[in-house]
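File shown: start_13.cif (mmCIF, C-alpha atoms).
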data_target
loop_
_atom_site.label_atom_id
_atom_site.label_comp_id
_atom_site.auth_asym_id
_atom_site.auth_seq_id
_atom_site.Cartn_x
_atom_site.Cartn_y
_atom_site.Cartn_z
CA MET G 1 -10.29 9.70 28.90
CA ALA G 2 -13.34 10.30 31.02
CA TYR G 3 -15.77 10.68 28.17
CA LYS G 4 -18.85 8.49 28.45
CA PHE G 5 -20.50 7.53 25.19
CA ASP G 6 -24.26 7.80 25.07
CA PHE G 7 -25.65 6.48 21.82
CA GLY G 8 -29.13 6.23 23.36
CA ALA G 9 -29.32 10.01 23.14
CA VAL G 10 -28.92 9.69 19.38
CA PHE G 11 -31.43 6.91 18.90
CA ASP G 12 -34.10 9.00 20.62
CA TYR G 13 -34.08 10.79 17.27
CA THR G 14 -34.38 7.71 15.08
CA PRO G 15 -37.28 9.17 13.01
CA VAL G 16 -35.08 12.14 12.03
CA LEU G 17 -32.33 9.79 10.98
CA LEU G 18 -34.74 7.60 9.01
CA LYS G 19 -36.07 10.65 7.21
CA GLY G 20 -32.46 11.52 6.39
CA ILE G 21 -31.88 8.05 4.95
CA VAL G 22 -34.97 8.42 2.77
CA VAL G 23 -33.83 11.83 1.48
CA THR G 24 -30.27 10.62 0.79
CA THR G 25 -31.76 7.64 -1.07
CA GLU G 26 -33.96 9.96 -3.13
CA LEU G 27 -30.94 12.09 -3.94
CA ILE G 28 -28.90 9.16 -5.15
CA VAL G 29 -31.71 7.50 -7.13
CA PHE G 30 -32.53 10.72 -8.95
CA GLY G 31 -28.92 11.84 -9.23
CA ALA G 32 -27.77 8.48 -10.60
CA LEU G 33 -30.56 8.09 -13.16
CA ALA G 34 -30.32 11.66 -14.46
CA GLY G 35 -26.53 11.68 -14.22
CA ILE G 36 -26.10 8.51 -16.28
CA ALA G 37 -28.60 9.83 -18.86
CA VAL G 38 -26.57 13.05 -19.13
CA GLY G 39 -23.39 10.98 -19.26
CA ILE G 40 -24.65 8.80 -22.12
CA ALA G 41 -25.83 11.83 -24.09
CA CYS G 42 -22.50 13.61 -23.59
CA ALA G 43 -20.47 10.51 -24.39
CA TRP G 44 -22.45 10.17 -27.61
CA ALA G 45 -21.86 13.85 -28.42
CA ARG G 46 -18.12 13.55 -27.80
CA THR G 47 -17.64 10.39 -29.84
CA GLN G 48 -20.25 10.44 -32.62
CA GLY G 49 -22.08 13.72 -32.30
CA PRO G 50 -21.88 16.70 -34.61
CA ARG G 51 -18.65 18.65 -34.32
CA ALA G 52 -20.50 21.75 -33.10
CA LEU G 53 -21.62 19.85 -29.99
CA ARG G 54 -18.20 18.55 -29.06
CA VAL G 55 -16.68 21.83 -27.91
CA PRO G 56 -19.45 22.84 -25.46
CA VAL G 57 -19.77 19.29 -24.11
CA THR G 58 -16.01 19.05 -23.58
CA ALA G 59 -16.07 22.44 -21.83
CA TYR G 60 -18.90 21.24 -19.54
CA VAL G 61 -17.08 18.01 -18.68
CA GLU G 62 -13.76 19.73 -17.96
CA LEU G 63 -15.38 22.50 -15.94
CA ILE G 64 -17.32 20.12 -13.70
CA ARG G 65 -14.45 17.69 -13.24
CA ASN G 66 -12.07 20.44 -12.17
CA THR G 67 -14.21 22.29 -9.65
CA PRO G 68 -15.48 21.15 -6.23
CA PHE G 69 -19.01 19.76 -5.91
CA LEU G 70 -19.69 22.16 -3.03
CA ILE G 71 -19.02 25.18 -5.26
CA GLN G 72 -21.22 23.73 -8.01
CA LEU G 73 -23.99 23.22 -5.46
CA PHE G 74 -23.68 26.77 -4.10
CA PHE G 75 -23.52 28.21 -7.59
CA ILE G 76 -26.72 26.44 -8.57
CA PHE G 77 -28.62 27.12 -5.35
CA PHE G 78 -27.45 30.66 -4.51
CA GLY G 79 -26.23 31.88 -7.87
CA LEU G 80 -28.83 30.80 -10.40
CA PRO G 81 -31.68 32.83 -8.83
CA ALA G 82 -29.78 35.87 -10.17
CA LEU G 83 -30.73 34.58 -13.62
CA GLY G 84 -34.34 34.25 -12.51
CA MET G 85 -34.03 30.50 -11.94
CA SER G 86 -35.08 29.75 -8.38
CA LEU G 87 -34.92 26.13 -7.32
CA THR G 88 -35.97 24.44 -4.11
CA GLU G 89 -33.17 22.90 -2.02
CA MET G 90 -34.04 19.44 -3.26
CA GLN G 91 -34.20 20.47 -6.92
CA ALA G 92 -30.88 22.29 -6.67
CA ALA G 93 -29.24 19.30 -4.97
CA CYS G 94 -30.59 16.86 -7.57
CA LEU G 95 -29.52 19.12 -10.42
CA ALA G 96 -26.03 19.52 -8.96
CA MET G 97 -25.66 15.76 -8.50
CA ALA G 98 -26.93 15.00 -12.00
CA LEU G 99 -24.57 17.54 -13.57
CA ASN G 100 -21.67 16.29 -11.48
CA LEU G 101 -22.20 12.60 -12.18
CA GLY G 102 -23.02 13.46 -15.80
CA ALA G 103 -19.55 14.87 -16.40
CA TYR G 104 -17.72 12.00 -14.70
CA SER G 105 -19.85 9.28 -16.26
CA CYS G 106 -19.43 10.90 -19.69
CA GLU G 107 -15.70 10.23 -19.51
CA ILE G 108 -16.20 6.70 -18.18
CA ILE G 109 -18.81 5.79 -20.80
CA ARG G 110 -16.70 7.40 -23.51
CA ALA G 111 -13.85 5.09 -22.59
CA GLY G 112 -16.23 2.16 -23.05
CA ILE G 113 -17.34 3.41 -26.47
CA VAL G 114 -13.81 4.10 -27.64
CA ALA G 115 -12.82 0.57 -26.67
CA THR G 116 -15.57 -0.85 -28.91
CA HIS G 117 -14.25 -2.56 -32.01
CA ARG G 118 -14.67 -0.65 -35.29
CA GLY G 119 -16.22 -3.72 -36.85
CA GLN G 120 -19.23 -3.26 -34.58
CA PHE G 121 -20.00 0.10 -36.16
CA GLU G 122 -19.51 -1.32 -39.63
CA ALA G 123 -21.64 -4.38 -38.93
CA GLY G 124 -24.43 -2.12 -37.70
CA ALA G 125 -24.12 0.13 -40.74
CA SER G 126 -24.21 -2.88 -43.06
CA LEU G 127 -27.61 -3.77 -41.58
CA ALA G 128 -28.81 -0.41 -42.89
CA MET G 129 -29.08 1.05 -39.41
CA SER G 130 -28.73 4.78 -39.00
CA ARG G 131 -25.83 6.10 -36.87
CA ILE G 132 -28.16 6.71 -33.95
CA GLN G 133 -29.62 3.21 -34.25
CA VAL G 134 -26.15 1.68 -34.32
CA PHE G 135 -25.29 3.62 -31.18
CA ARG G 136 -28.47 2.63 -29.38
CA HIS G 137 -28.69 -1.01 -30.34
CA VAL G 138 -25.13 -2.11 -31.04
CA ILE G 139 -22.63 0.10 -29.24
CA LEU G 140 -24.17 1.26 -25.98
CA LYS G 141 -24.83 -1.98 -24.15
CA PRO G 142 -21.44 -3.63 -24.57
CA ALA G 143 -19.82 -0.28 -23.78
CA LEU G 144 -21.81 0.02 -20.54
CA ALA G 145 -21.10 -3.60 -19.68
CA ARG G 146 -17.38 -2.97 -20.04
CA ILE G 147 -17.27 0.09 -17.79
CA TRP G 148 -20.02 -0.88 -15.29
CA PRO G 149 -17.59 -1.41 -12.36
CA ALA G 150 -16.03 2.03 -12.87
CA LEU G 151 -19.44 3.62 -13.23
CA SER G 152 -20.62 1.90 -10.05
CA SER G 153 -17.72 3.29 -8.02
CA GLN G 154 -18.41 6.74 -9.39
CA ILE G 155 -22.06 6.47 -8.32
CA VAL G 156 -20.96 5.50 -4.80
CA ILE G 157 -18.52 8.44 -4.72
CA VAL G 158 -21.30 10.82 -5.75
CA MET G 159 -23.61 9.37 -3.09
CA LEU G 160 -20.97 10.04 -0.41
CA GLY G 161 -20.40 13.51 -1.83
CA SER G 162 -24.11 14.24 -1.42
CA ALA G 163 -23.45 14.73 2.31
CA VAL G 164 -22.61 18.37 1.62
CA CYS G 165 -26.15 18.94 0.30
CA SER G 166 -27.09 19.45 3.96
CA GLN G 167 -25.34 22.81 3.60
CA ILE G 168 -28.24 24.12 1.52
CA SER G 169 -30.59 22.50 4.09
CA VAL G 170 -31.54 19.39 2.18
CA GLU G 171 -32.66 17.16 5.03
CA ASP G 172 -30.38 14.21 4.30
CA VAL G 173 -28.39 12.00 6.68
CA SER G 174 -25.76 14.63 7.45
CA PHE G 175 -28.48 17.19 8.06
CA ALA G 176 -30.09 14.74 10.50
CA ALA G 177 -26.77 14.38 12.33
CA ALA G 178 -26.37 18.15 12.62
CA TYR G 179 -29.96 18.47 13.83
CA ILE G 180 -29.62 15.71 16.40
CA GLN G 181 -26.39 17.08 17.84
CA SER G 182 -27.94 20.51 18.11
CA ARG G 183 -30.68 19.00 20.26
CA ASN G 184 -28.81 16.58 22.50
CA PHE G 185 -25.29 18.10 22.42
CA ARG G 186 -23.91 14.66 21.58
CA ALA G 187 -21.92 15.74 18.53
CA PHE G 188 -19.44 12.87 18.48
CA GLU G 189 -22.08 10.14 18.83
CA SER G 190 -24.38 11.78 16.28
CA TYR G 191 -21.66 11.95 13.67
CA ILE G 192 -20.46 8.41 14.40
CA VAL G 193 -23.98 7.12 13.79
CA ALA G 194 -24.31 9.20 10.61
CA THR G 195 -20.91 8.06 9.34
CA LEU G 196 -21.78 4.41 9.92
CA THR G 197 -25.12 5.02 8.18
CA TYR G 198 -23.27 6.29 5.13
CA LEU G 199 -20.91 3.33 5.27
CA ALA G 200 -23.87 0.95 5.32
CA LEU G 201 -25.55 2.84 2.46
CA ALA G 202 -22.32 2.67 0.44
CA LEU G 203 -21.99 -1.09 0.99
CA ILE G 204 -25.64 -1.68 0.08
CA LEU G 205 -25.42 0.55 -2.98
CA ARG G 206 -22.27 -1.17 -4.21
CA GLN G 207 -23.88 -4.59 -3.79
CA LEU G 208 -27.04 -3.43 -5.52
CA LEU G 209 -25.12 -2.02 -8.47
CA ARG G 210 -23.17 -5.25 -8.78
CA MET G 211 -26.43 -7.22 -8.85
CA LEU G 212 -27.92 -4.85 -11.43
CA GLY G 213 -24.80 -5.19 -13.55
CA ARG G 214 -25.03 -8.96 -13.45
CA HIS G 215 -28.73 -8.78 -14.28
CA TRP G 216 -28.30 -6.44 -17.25
CA PHE G 217 -24.97 -7.45 -18.66
CA GLY G 218 -24.39 -10.98 -17.40
CA ARG G 219 -20.76 -11.75 -16.63
CA PRO G 220 -18.49 -8.73 -16.98
CA ALA G 221 -17.35 -8.41 -20.60
CA ARG G 222 -13.69 -8.31 -21.50
CA MET R 223 -22.90 50.16 3.10
CA MET R 224 -19.62 49.41 1.45
CA SER R 225 -19.56 48.64 -2.21
CA PHE R 226 -17.30 46.09 -3.78
CA SER R 227 -15.81 46.31 -7.22
CA LEU R 228 -15.27 43.17 -9.23
CA TRP R 229 -11.55 43.51 -8.62
CA ASP R 230 -12.12 43.62 -4.83
CA ILE R 231 -13.92 40.30 -5.07
CA VAL R 232 -11.33 38.69 -7.32
CA SER R 233 -8.36 39.82 -5.23
CA ALA R 234 -9.96 38.76 -1.96
CA LEU R 235 -10.71 35.33 -3.39
CA LEU R 236 -7.23 34.94 -4.85
CA LEU R 237 -5.74 35.90 -1.51
CA THR R 238 -7.59 33.14 0.35
CA ALA R 239 -6.91 30.65 -2.42
CA ARG R 240 -3.43 30.35 -0.95
CA TRP R 241 -4.89 28.45 1.99
CA THR R 242 -6.47 26.06 -0.46
CA VAL R 243 -3.04 25.52 -1.97
CA VAL R 244 -1.31 25.10 1.40
CA LEU R 245 -3.95 22.67 2.64
CA SER R 246 -3.74 20.69 -0.61
CA LEU R 247 0.04 20.42 -0.30
CA VAL R 248 -0.20 19.29 3.33
CA ALA R 249 -2.79 16.66 2.42
CA PHE R 250 -0.83 15.50 -0.60
CA VAL R 251 2.53 15.17 1.16
CA GLY R 252 1.11 13.86 4.44
CA GLY R 253 -1.27 11.55 2.62
CA GLY R 254 1.57 10.33 0.43
CA VAL R 255 3.79 9.38 3.37
CA LEU R 256 0.97 7.76 5.34
CA GLY R 257 -0.37 6.16 2.16
CA LEU R 258 2.98 4.48 1.57
CA LEU R 259 2.84 2.97 5.07
CA VAL R 260 -0.74 1.80 4.51
CA LEU R 261 0.34 0.32 1.18
CA MET R 262 3.14 -1.61 2.90
CA ALA R 263 0.65 -2.91 5.46
CA ARG R 264 -1.92 -3.74 2.77
CA THR R 265 0.56 -5.84 0.78
CA SER R 266 2.49 -7.29 3.72
CA ARG R 267 2.74 -10.97 4.59
CA LEU R 268 1.10 -10.53 7.98
CA ALA R 269 -2.63 -11.15 7.71
CA GLY R 270 -3.38 -8.92 10.71
CA LEU R 271 -1.65 -5.93 9.15
CA ARG R 272 -3.36 -6.56 5.81
CA ARG R 273 -6.77 -6.65 7.46
CA ALA R 274 -6.14 -3.51 9.51
CA ALA R 275 -5.11 -1.62 6.38
CA TRP R 276 -8.19 -2.94 4.57
CA VAL R 277 -10.50 -1.74 7.35
CA TYR R 278 -8.81 1.67 7.34
CA ILE R 279 -9.22 2.01 3.57
CA GLU R 280 -12.86 0.83 3.58
CA LEU R 281 -13.71 3.27 6.37
CA PHE R 282 -12.20 6.29 4.68
CA GLN R 283 -13.34 5.43 1.18
CA GLY R 284 -16.82 4.35 2.26
CA THR R 285 -17.81 7.41 4.28
CA PRO R 286 -18.24 11.07 3.28
CA LEU R 287 -15.28 13.38 3.79
CA LEU R 288 -17.65 15.78 5.52
CA MET R 289 -18.49 13.22 8.24
CA GLN R 290 -14.79 12.45 8.73
CA LEU R 291 -14.15 16.15 9.21
CA PHE R 292 -16.90 16.48 11.79
CA LEU R 293 -15.65 13.43 13.67
CA ALA R 294 -12.11 14.82 13.78
CA PHE R 295 -13.43 18.21 14.79
CA PHE R 296 -15.65 16.97 17.62
CA GLY R 297 -13.80 13.76 18.41
CA LEU R 298 -10.40 15.26 19.10
CA SER R 299 -11.90 17.87 21.37
CA LEU R 300 -13.34 15.07 23.51
CA VAL R 301 -9.86 13.74 24.14
CA GLY R 302 -9.08 17.18 25.50
CA VAL R 303 -7.22 18.49 22.47
CA GLU R 304 -8.43 21.94 21.54
CA VAL R 305 -8.92 21.59 17.80
CA PRO R 306 -8.55 24.60 15.59
CA ALA R 307 -10.28 24.19 12.24
CA TRP R 308 -6.99 24.06 10.30
CA LEU R 309 -5.74 21.14 12.38
CA ALA R 310 -8.93 19.13 11.92
CA ALA R 311 -8.90 19.99 8.22
CA GLY R 312 -5.24 19.06 7.69
CA ALA R 313 -5.46 15.85 9.71
CA THR R 314 -8.65 14.64 8.06
CA LEU R 315 -7.54 15.40 4.52
CA THR R 316 -4.24 13.61 5.21
CA LEU R 317 -5.99 10.50 6.50
CA TRP R 318 -8.50 10.63 3.65
CA SER R 319 -5.97 11.02 0.87
CA ALA R 320 -3.73 8.32 2.38
CA ALA R 321 -6.57 5.83 2.01
CA PHE R 322 -7.10 6.69 -1.66
CA LEU R 323 -3.43 6.99 -2.57
CA SER R 324 -2.60 3.64 -0.99
CA GLU R 325 -5.34 1.96 -3.05
CA ILE R 326 -4.18 3.68 -6.24
CA TRP R 327 -0.63 2.55 -5.54
CA ARG R 328 -1.70 -0.96 -4.64
CA GLY R 329 -3.08 -1.29 -8.15
CA CYS R 330 0.30 -0.21 -9.48
CA VAL R 331 2.20 -2.63 -7.21
CA GLU R 332 -0.07 -5.47 -8.28
CA ALA R 333 0.57 -4.62 -11.91
CA ILE R 334 4.19 -5.73 -11.36
CA PRO R 335 4.47 -9.37 -12.46
CA ARG R 336 4.71 -12.02 -9.71
CA GLY R 337 8.01 -13.17 -11.19
CA GLN R 338 9.67 -9.97 -10.04
CA TRP R 339 8.79 -10.81 -6.44
CA GLU R 340 9.92 -14.38 -6.85
CA SER R 341 13.21 -13.58 -8.49
CA SER R 342 14.04 -11.00 -5.84
CA ALA R 343 13.06 -13.50 -3.15
CA SER R 344 15.45 -15.97 -4.74
CA LEU R 345 18.17 -13.37 -4.19
CA ALA R 346 17.37 -13.66 -0.47
CA MET R 347 15.84 -10.20 -0.28
CA GLY R 348 13.45 -9.46 2.56
CA TYR R 349 10.04 -7.88 2.02
CA VAL R 350 11.24 -4.31 2.57
CA GLN R 351 14.21 -4.82 0.27
CA GLN R 352 12.00 -6.33 -2.43
CA MET R 353 9.71 -3.37 -2.20
CA ARG R 354 12.49 -0.82 -2.14
CA HIS R 355 14.81 -2.15 -4.81
CA VAL R 356 12.62 -4.12 -7.17
CA VAL R 357 8.88 -3.47 -6.99
CA LEU R 358 8.43 0.19 -6.03
CA PRO R 359 10.80 1.64 -8.65
CA GLN R 360 8.81 -0.10 -11.36
CA ALA R 361 5.42 0.59 -9.80
CA ALA R 362 6.32 4.27 -9.37
CA ARG R 363 6.47 4.71 -13.12
CA ILE R 364 2.90 3.47 -13.54
CA ALA R 365 1.78 5.42 -10.48
CA VAL R 366 2.88 8.91 -11.47
CA ALA R 367 -0.06 9.76 -13.74
CA PRO R 368 -2.92 8.57 -11.47
CA THR R 369 -1.20 10.19 -8.48
CA VAL R 370 -1.13 13.57 -10.19
CA GLY R 371 -4.73 12.93 -11.18
CA PHE R 372 -5.66 12.34 -7.55
CA ALA R 373 -4.08 15.68 -6.60
CA VAL R 374 -7.08 17.22 -8.38
CA GLN R 375 -9.42 15.33 -6.04
CA ILE R 376 -7.46 16.67 -3.06
CA VAL R 377 -7.73 20.29 -4.21
CA LYS R 378 -11.47 19.82 -4.65
CA GLY R 379 -11.70 18.01 -1.32
CA THR R 380 -10.34 21.05 0.50
CA ALA R 381 -13.56 22.91 -0.37
CA VAL R 382 -15.45 20.78 2.16
CA THR R 383 -13.26 22.06 5.02
CA SER R 384 -15.03 25.40 4.68
CA ILE R 385 -17.97 23.76 6.44
CA ILE R 386 -16.10 23.39 9.75
CA GLY R 387 -14.99 26.99 9.44
CA PHE R 388 -11.56 26.79 7.86
CA THR R 389 -11.19 29.96 5.83
CA GLU R 390 -10.03 28.82 2.43
CA LEU R 391 -11.40 29.68 -0.98
CA SER R 392 -14.92 28.28 -0.51
CA LYS R 393 -15.39 29.83 2.93
CA ALA R 394 -14.14 33.15 1.60
CA ALA R 395 -16.62 32.90 -1.26
CA THR R 396 -19.46 32.39 1.21
CA ILE R 397 -18.32 35.31 3.36
CA ILE R 398 -17.96 37.62 0.37
CA THR R 399 -21.35 36.53 -0.95
CA ASN R 400 -22.90 37.54 2.35
CA ALA R 401 -21.30 40.96 2.05
CA THR R 402 -21.96 41.63 -1.62
CA PHE R 403 -25.27 39.80 -2.22
CA ASN R 404 -23.86 38.64 -5.54
CA PRO R 405 -23.57 34.86 -5.32
CA PHE R 406 -23.65 34.39 -9.07
CA VAL R 407 -20.45 36.35 -9.63
CA VAL R 408 -18.65 35.30 -6.44
CA TYR R 409 -19.23 31.55 -6.76
CA GLY R 410 -18.55 31.82 -10.48
CA ILE R 411 -15.15 33.37 -9.84
CA ALA R 412 -14.40 30.88 -7.06
CA ALA R 413 -15.20 28.06 -9.50
CA LEU R 414 -12.85 29.58 -12.07
CA ILE R 415 -10.04 29.80 -9.51
CA TYR R 416 -10.50 26.13 -8.61
CA PHE R 417 -10.52 25.36 -12.30
CA ALA R 418 -7.27 27.26 -12.77
CA LEU R 419 -5.72 25.18 -9.97
CA CYS R 420 -7.05 21.81 -11.09
CA TRP R 421 -7.09 21.90 -14.86
CA PRO R 422 -3.30 22.09 -15.33
CA LEU R 423 -2.99 19.09 -13.00
CA SER R 424 -5.58 17.17 -15.04
CA ARG R 425 -3.76 17.96 -18.27
CA LEU R 426 -0.42 16.99 -16.72
CA SER R 427 -1.86 13.70 -15.54
CA LEU R 428 -3.16 12.96 -19.04
CA ARG R 429 0.18 13.82 -20.63
CA LEU R 430 2.15 11.74 -18.15
CA GLU R 431 -0.18 8.83 -18.77
CA ARG R 432 0.45 9.00 -22.50
CA LYS R 433 4.17 9.39 -22.02
CA LEU R 434 4.95 6.94 -19.23
CA ASN R 435 2.49 4.19 -20.03
CA ALA R 436 2.99 4.08 -23.76
CA PRO R 437 4.77 0.71 -23.65
CA HIS R 438 1.88 -0.78 -21.66
CA ARG R 439 -0.65 -0.05 -24.33
CA ALA R 440 -1.28 -2.38 -27.21
#

Rewrite the structure of this file - the entire thing - as structure tokens.
Amino acid sequence: MAYKFDFGAVFDYTPVLLKGIVVTTELIVFGALAGIAVGIACAWARTQGPRALRVPVTAYVELIRNTPFLIQLFFIFFGLPALGMSLTEMQAACLAMALNLGAYSCEIIRAGIVATHRGQFEAGASLAMSRIQVFRHVILKPALARIWPALSSQIVIVMLGSAVCSQISVEDVSFAAAYIQSRNFRAFESYIVATLTYLALALILRQLLRMLGRHWFGRPAR
Amino acid sequence: MMSFSLWDIVSALLLTARWTVVLSLVAFVGGGVLGLLVLMARTSRLAGLRRAAWVYIELFQGTPLLMQLFLAFFGLSLVGVEVPAWLAAGATLTLWSAAFLSEIWRGCVEAIPRGQWESSASLAMGYVQQMRHVVLPQAARIAVAPTVGFAVQIVKGTAVTSIIGFTELSKAATIITNATFNPFVVYGIAALIYFALCWPLSRLSLRLERKLNAPHRA
């Protein structure tokens, strides 16, 4: 093979790549925070919430989990304006990620809640706590502690999935790679660098989530 | 300008959905075969093989499918192979699903008690024989449900191949949107078709889990 690699041609565009890393980081920070919030709310609705909420929440979870993220993203970005809801690229991408992670984390968190011993609910009730208070103060934390590893992997999966946000011109890492290769015609090198960037981001994110888990929940609960 | 009825849109999308199905099957079968080899390497006694399999899995699980697709698309053409989009799509999805399937199956293999390995070793079985006659038949039972569940991920993964120009359901949806200026309806229908493909698989996975793993639950 006579191909000569030239990674220098990619690193001439380091600022573009750095900008991409910042945008991908923004996407994941916002997507993860909003997604977990949605997930907790939905998990509450499916396990303790009023019956009227359970059907629409279940429909949302099943619909998101059984359709591709790319289609959800396109639907939100290109489709919603038809309803008079125009979003910027970044808003659409964040919304799509939050809705996507929300559905997956709902199921994960629900598993944690279901695994909580009945006595916990009763103990909370016997302290004259309301159902919401029991959920907030007694149930949620041990449930999250139990499923934290699964939730962490899901967050990493969503971060990697965010690469397709470049398709609605969010200027993330994969957008940077596409931009760089359009300038220097070094497609292979550009995408190798971008791929390794994602790999590094995934490793860092996983480590960070593990540290956060240890900080919040101590040793993983059984 | 041509006008499109709702039925035109639905039938065109359904027609291209067959490529989504074909690509999913290729990725599932190819990924299954390759995944089994990776699993053997990952659980083998040779440290070198184990490490190679680990690196492979980390690489494919730790990077976006989109980047893998681009690398296959541009990388193979550097070696002088003219890569049509379907080849890059099929190859990448196969490699990608092999990495995930082998990890899913490793969990199932490790769920088999050590004693099973030891007792089969005491019968003078080699590694391949142990796997074939003792461990895999038992692990397969645990593996069925999560494997069917992963098929859903594969079907959804095929959507990304639209980006390198493979004309499956998502690409068709984009093309039709450009012709009809009605993204709300077109992407909505595309989502429903994906749902119709994936939801039965999800339900099946859930049912199999209840049925096959009942003895494992307290």

Which residues of chain R come within 10 Å of chain G, and for each one, what is the closest pair of atoms and their distance in Å to one decimal, counting only C-alpha atoms, sorted by chain and residue number, as a tab-separated table?
residue	atom	partner	partner_atom	distance
R:Glu280	CA	G:Leu199	CA	8.6
R:Leu281	CA	G:Leu199	CA	7.3
R:Phe282	CA	G:Leu199	CA	9.2
R:Gln283	CA	G:Ile157	CA	8.4
R:Gly284	CA	G:Leu199	CA	5.2
R:Thr285	CA	G:Leu199	CA	5.2
R:Pro286	CA	G:Leu160	CA	4.7
R:Leu287	CA	G:Gly161	CA	7.6
R:Leu288	CA	G:Ala163	CA	6.7
R:Met289	CA	G:Thr195	CA	5.8
R:Gln290	CA	G:Thr195	CA	7.6
R:Leu291	CA	G:Tyr191	CA	9.7
R:Phe292	CA	G:Tyr191	CA	6.8
R:Leu293	CA	G:Phe188	CA	6.1
R:Ala294	CA	G:Phe188	CA	8.9
R:Phe295	CA	G:Phe188	CA	8.8
R:Phe296	CA	G:Phe188	CA	5.6
R:Gly297	CA	G:Phe188	CA	5.7
R:Leu298	CA	G:Phe188	CA	9.4
R:Ser299	CA	G:Phe188	CA	9.5
R:Leu300	CA	G:Tyr3	CA	6.8
R:Val301	CA	G:Met1	CA	6.3
R:Gly302	CA	G:Met1	CA	8.3
R:Val374	CA	G:Asn66	CA	7.0
R:Gln375	CA	G:Pro68	CA	8.4
R:Ile376	CA	G:Pro68	CA	9.7
R:Val377	CA	G:Pro68	CA	8.1
R:Lys378	CA	G:Pro68	CA	4.5
R:Gly379	CA	G:Pro68	CA	6.9
R:Thr380	CA	G:Pro68	CA	8.5
R:Ala381	CA	G:Pro68	CA	6.4
R:Val382	CA	G:Leu70	CA	6.8
R:Ser384	CA	G:Leu70	CA	9.6
R:Ile385	CA	G:Gln167	CA	8.0
R:Leu391	CA	G:Ile71	CA	9.8
R:Ser392	CA	G:Ile71	CA	7.0
R:Ala395	CA	G:Ile71	CA	9.0
R:Thr396	CA	G:Phe74	CA	8.8
R:Thr399	CA	G:Phe78	CA	9.2
R:Phe403	CA	G:Phe78	CA	9.7
R:Asn404	CA	G:Gly79	CA	7.5
R:Pro405	CA	G:Gly79	CA	4.7
R:Phe406	CA	G:Gly79	CA	3.8
R:Val407	CA	G:Gly79	CA	7.5
R:Val408	CA	G:Gly79	CA	8.4
R:Tyr409	CA	G:Phe75	CA	5.5
R:Gly410	CA	G:Phe75	CA	6.8
R:Ala412	CA	G:Ile71	CA	7.6
R:Ala413	CA	G:Thr67	CA	5.9
R:Leu414	CA	G:Thr67	CA	7.8
R:Ile415	CA	G:Thr67	CA	8.6
R:Tyr416	CA	G:Thr67	CA	5.4
R:Phe417	CA	G:Asn66	CA	5.2
R:Ala418	CA	G:Asn66	CA	8.4
R:Leu419	CA	G:Asn66	CA	8.2
R:Cys420	CA	G:Asn66	CA	5.3
R:Trp421	CA	G:Asn66	CA	5.8
R:Pro422	CA	G:Asn66	CA	9.5
R:Leu423	CA	G:Asn66	CA	9.2
R:Ser424	CA	G:Asn66	CA	7.8

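Atom pair atom CA of Ala45 of chain G / atom CA of Gln154 of chain G: separated by 20.6 Å.
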
Notebook entry, point to check: Of the candidates R:Pro306, R:Ala333, R:Ala321, R:Thr238, which shows the shortest atom-to-atom distance to Arg264 of chain R, using only C-alpha atoms?
Noted result: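 So, comparing all the options, the nearest one is R:Ala321.
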
Once the PyMOL selection byres ((chain R and resi 244) around 12) has been applied to the shown file, what residues remain in the selection, as a tab-separated table (two decimals) with C-alpha atoms, keeping the file's coordinate frame?
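Below is the file expr.tsv, written as the result:
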chain	number	residue	atom	x	y	z
R	238	THR	CA	-7.59	33.14	0.35
R	239	ALA	CA	-6.91	30.65	-2.42
R	240	ARG	CA	-3.43	30.35	-0.95
R	241	TRP	CA	-4.89	28.45	1.99
R	242	THR	CA	-6.47	26.06	-0.46
R	243	VAL	CA	-3.04	25.52	-1.97
R	245	LEU	CA	-3.95	22.67	2.64
R	246	SER	CA	-3.74	20.69	-0.61
R	247	LEU	CA	0.04	20.42	-0.30
R	248	VAL	CA	-0.20	19.29	3.33
R	249	ALA	CA	-2.79	16.66	2.42
R	250	PHE	CA	-0.83	15.50	-0.60
R	251	VAL	CA	2.53	15.17	1.16
R	252	GLY	CA	1.11	13.86	4.44
R	308	TRP	CA	-6.99	24.06	10.30
R	311	ALA	CA	-8.90	19.99	8.22
R	312	GLY	CA	-5.24	19.06	7.69
R	315	LEU	CA	-7.54	15.40	4.52
R	376	ILE	CA	-7.46	16.67	-3.06
R	377	VAL	CA	-7.73	20.29	-4.21
R	380	THR	CA	-10.34	21.05	0.50
R	389	THR	CA	-11.19	29.96	5.83
R	390	GLU	CA	-10.03	28.82	2.43
R	391	LEU	CA	-11.40	29.68	-0.98

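You will find atom CA of Leu144 of chain G at 27.7 Å from atom CA of Leu434 of chain R.
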
*Which neighbours of segment 426-432 of chain R fall inside 8 Å, counting all atoms listed in the file, when residues of the same chain fewer than 3 positions from it are skipped, and could you give them as a PyMOL selection string?*
chain R and resi 366-371+422-423+435-436

| said: Please expand the PyMOL selection byres ((chain G and resi 104) around 8) into the concrete residues it hits in this file, giving the result as a list of chain:residue names. | reply: G:Gly39, G:Val61, G:Arg65, G:Asn100, G:Leu101, G:Gly102, G:Ala103, G:Ser105, G:Cys106, G:Glu107, G:Ile108, G:Gln154

If I wrap all listed atoms of segment 341-347 of chain R in a box with edges along x, y and z and add 4 Å on each side, what are its centre and edge lengths in Å to one decimal, as JSON?
{"center_x": 15.6, "center_y": -13.1, "center_z": -4.4, "size_x": 13.1, "size_y": 13.8, "size_z": 16.2}
